[in-house]
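Right, one structure below, let's go through it.
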Amino acid sequence: MPEKKTVFMEGGEFYKGNLHCHSVVSDGSLTIRELKEIYVRKGYQFMVFSDHNVYGNYVEMNSPGFVAVQGFEGHIDMSGADDFREFHFIMLPGPKALRESAGKPFFNHLNKTPVTRFTGNRSIQKYINDMNGRGYMVMACHPHWSTAEYDDILGLENLFAVEIYNHACHLVNMCGALVLWDALLRRGKRIWGTAVDDNHNQFPVHSQYFDSCGGWVSVKAKSLKEEDICESLANGSFYSSQGPEIRDFYVEDGHAYLSCSPVNKIYFVGDSRGNYSDMAPEGEDSLTFSCKKLKGKTKYIRAECVDAAGKRAVSNPIFFE
């Protein structure tokens, strides 16, 4: 029997969450509790309250159907450097193997976290390594807003993900990193792609500039527990979305298969110039399935589906090497 390949774990359920969120603890406008209430009303089941350089472990926010995942956003201090780039990272509890190999403990709740001064790319790698050494997995934030090029990230090791959609940055037209992500994947870098909010909530809920609940991950995990959510994130068992739902994505017998909520377009994207797409009539969300035969020696394949409003869902890649 041909081997079936998929990024999703066998069994489990999908859980909706935001990995990048700011509160009054740093530069956001809402309290932790106010944020939880907004997101729970929108069907979110977990969140990372990732304030700038302040570690958050809000276990008191946990309730039936909702988990607060501990973490924070850290950055490299670029002040005084003759450089136009920024380097920001989200830290989350790593998978079990990473936590067990850590030589340093996790930070405590509301600890100020260390900031590394930029002295070249080695200082960035040193910061990432330090976080790995504490048991955290590290995600690169908003590369477009940061004006980072793909080779800035290509040279960094021990990143588990990069933000491919950032809703707050979308509102200032600096959100997208799909092209950058594919450039990394083509060069053999195994890195997952995430959609996040990066919300600061400077505008009211009904404003077109409200930056919450616009980009999320849907994680297929064994349970709605922090350790299971983070294990699945580390393994790529999730997809990213602005609206559509991916029900399944796999490769079997040389074909890629996608099932999803009703959308207008479905794409399969890999490292070759092969064109794999299905399109419904303009303005019509009627596609829920696609199957395409893979061409040539494909290194990886990922799926995208787009609804008539332009909202997109993106799978993680399935690798063949």
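All residue names refer to the structure tokens as shown: chains lettered A, B, ... in order, residues numbered from 1 in each chain, ligands numbered from 1 in order.
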Query raised in the report: Got a sec: who's within 6 Å of range 236-250 of chain A, counting only C-alpha atoms, leaving out chain neighbours fewer than 2 positions off, as a ChimeraX atom specification?
Result: /A:5-9,194-195,214-220,232-234,256-261,311-315
Query raised in the report: If you run DSSP on this backbone, which residues of range 106-215 of chain A come out as strand (DSSP E), and could you give them as a list of chain:residue names?
Result: A:Thr116, A:Arg117, A:Tyr136, A:Met137, A:Val138, A:Met139, A:Ala140, A:Leu159, A:Phe160, A:Ala161, A:Val162, A:Glu163, A:Ile164, A:Tyr165, A:Asn166, A:Trp192, A:Gly193, A:Thr194, A:Ala195, A:Val196
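One finds CA of Ser50 in chain A at 19.2 Å from CA of Asn129 in chain A.
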Query raised in the report: What is the CA of Arg190 in chain A-CA of Tyr300 in chain A distance in Å, reported with one decimal?
Result: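 Going from CA of Arg190 in chain A over to CA of Tyr300 in chain A covers 9.9 Å.
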Report task. Could you give me, as a list in words, the residues within 8 Å of Ala148 in chain A, counting only C-alpha atoms and dropping anything in the same chain fewer than 4 positions from it? Result ->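 Residues meeting the cut-off are Arg85, Glu86, Phe87, Pro143, His144, Asp152 and Ile153 of chain A.
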Report summary line: With distances taken over only C-alpha atoms, the candidate from A:Ile90, A:Val115, A:Leu159, A:Met47 nearest Met78 in chain A is A:Val115
Query raised in the report: Of the residues A:Ala309, A:His88, A:Phe268, A:Cys291, which is the one nearest to Asp253 in chain A, using only C-alpha atoms?
Result: A:Cys291
I'd like a table as CSV: residues in range 128-168 of chain A with an atom no more than 7 Å from range 197-205 of chain A, each row giving the shortest atom pair and its distance in Å to one decimal, only C-alpha atoms counted, sorted by chain and rising residue number.
residue,atom,partner,partner_atom,distance
A:Asn166,CA,A:Asp197,CA,5.5
A:His167,CA,A:Asp197,CA,4.6
A:Ala168,CA,A:Asp198,CA,5.6
Query raised in the report: Of the candidates A:Asn132, A:Asn173, A:Ser223, A:Ser23, which shows the shortest atom-to-atom distance to Ala97 in chain A, using only C-alpha atoms?
Result: A:Asn132
Query - Neighbour list for Glu226 in chain A as a list in words, cut-off 10 Å, only C-alpha atoms, skip fewer than 3 positions in-chain - result: Phe46, Met47, Val67, Ala68, Val69, Gln70, Leu92, Pro93, Ala221, Ser223, Ile229, Cys230 and Glu231 of chain A
Could those residues be written to a file, using N, CA and C atoms, as a CSV table (one decimal), in the first residue's frame?
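Contents of again.csv, as written:
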chain,number,residue,atom,x,y,z
A,46,PHE,N,-7.9,28.6,22.9
A,46,PHE,CA,-6.6,28.9,23.6
A,46,PHE,C,-6.0,30.1,23.1
A,47,MET,N,-5.2,30.7,23.9
A,47,MET,CA,-4.4,32.0,23.5
A,47,MET,C,-3.1,32.0,24.2
A,67,VAL,N,-7.9,27.5,27.3
A,67,VAL,CA,-6.6,27.4,28.0
A,67,VAL,C,-5.7,28.6,27.6
A,68,ALA,N,-5.1,29.2,28.6
A,68,ALA,CA,-4.1,30.2,28.4
A,68,ALA,C,-2.7,29.6,28.4
A,69,VAL,N,-2.1,29.6,27.2
A,69,VAL,CA,-0.8,29.0,27.0
A,69,VAL,C,0.3,30.1,27.4
A,70,GLN,N,1.2,29.7,28.2
A,70,GLN,CA,2.2,30.6,28.7
A,70,GLN,C,3.2,31.0,27.6
A,92,LEU,N,7.1,29.9,23.2
A,92,LEU,CA,6.1,29.0,23.7
A,92,LEU,C,6.7,27.8,24.4
A,93,PRO,N,6.0,27.2,25.3
A,93,PRO,CA,6.6,25.9,25.8
A,93,PRO,C,6.9,24.9,24.7
A,221,ALA,N,-4.9,18.4,18.0
A,221,ALA,CA,-4.2,17.9,19.2
A,221,ALA,C,-5.0,16.8,19.9
A,223,SER,N,-5.8,16.8,23.0
A,223,SER,CA,-6.7,17.4,24.0
A,223,SER,C,-6.4,18.9,24.1
A,229,ILE,N,-1.4,21.0,23.0
A,229,ILE,CA,-1.4,22.0,22.0
A,229,ILE,C,0.0,22.3,21.5
A,230,CYS,N,0.9,22.5,22.4
A,230,CYS,CA,2.3,22.9,22.1
A,230,CYS,C,3.0,21.7,21.3
A,231,GLU,N,2.7,20.5,21.7
A,231,GLU,CA,3.3,19.3,21.0
A,231,GLU,C,2.9,19.3,19.6
Query raised in the report: So which residues of range 150-277 of chain A fall under alpha helix (DSSP H) by DSSP, listed as an MDAnalysis selection string?
Result: chainID A and resid 150:154 167:170 178:186 226:235
Could you please take those selected residues and save C-alpha atoms as an mmCIF file, in the first residue's frame?
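The file below, selection-v3.cif, is the result:
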data_model
loop_
_atom_site.group_PDB
_atom_site.id
_atom_site.type_symbol
_atom_site.label_atom_id
_atom_site.label_comp_id
_atom_site.auth_asym_id
_atom_site.auth_seq_id
_atom_site.Cartn_x
_atom_site.Cartn_y
_atom_site.Cartn_z
ATOM 1 C CA TYR A 150 14.304 35.398 3.588
ATOM 2 C CA ASP A 151 18.059 34.872 3.955
ATOM 3 C CA ASP A 152 17.973 36.646 7.337
ATOM 4 C CA ILE A 153 15.768 33.798 8.538
ATOM 5 C CA LEU A 154 17.362 31.088 6.379
ATOM 6 C CA HIS A 167 -3.531 40.694 11.263
ATOM 7 C CA ALA A 168 -2.299 43.882 12.955
ATOM 8 C CA CYS A 169 0.321 44.270 10.231
ATOM 9 C CA HIS A 170 -2.349 43.519 7.599
ATOM 10 C CA LEU A 178 3.930 33.498 1.846
ATOM 11 C CA VAL A 179 6.591 34.240 -0.778
ATOM 12 C CA LEU A 180 9.283 34.448 1.896
ATOM 13 C CA TRP A 181 8.044 31.179 3.424
ATOM 14 C CA ASP A 182 8.184 29.365 0.089
ATOM 15 C CA ALA A 183 11.702 30.680 -0.494
ATOM 16 C CA LEU A 184 12.725 29.151 2.832
ATOM 17 C CA LEU A 185 10.985 25.861 2.056
ATOM 18 C CA ARG A 186 12.581 25.614 -1.390
ATOM 19 C CA GLU A 226 -1.186 23.265 27.032
ATOM 20 C CA GLU A 227 1.285 20.428 26.576
ATOM 21 C CA ASP A 228 -0.824 18.763 23.858
ATOM 22 C CA ILE A 229 -1.413 22.031 21.988
ATOM 23 C CA CYS A 230 2.308 22.853 22.052
ATOM 24 C CA GLU A 231 3.310 19.329 21.013
ATOM 25 C CA SER A 232 1.052 19.572 17.964
ATOM 26 C CA LEU A 233 2.343 23.057 17.126
ATOM 27 C CA ALA A 234 5.911 21.752 17.225
ATOM 28 C CA ASN A 235 4.952 18.872 14.922
#
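Every protein, DNA or RNA residue with an atom at most 9 Å from Pro114 in chain A, where only C-alpha atoms count and chain neighbours fewer than 5 positions away do not, is listed here: Asn53, Gly74 and Tyr127 of chain A.
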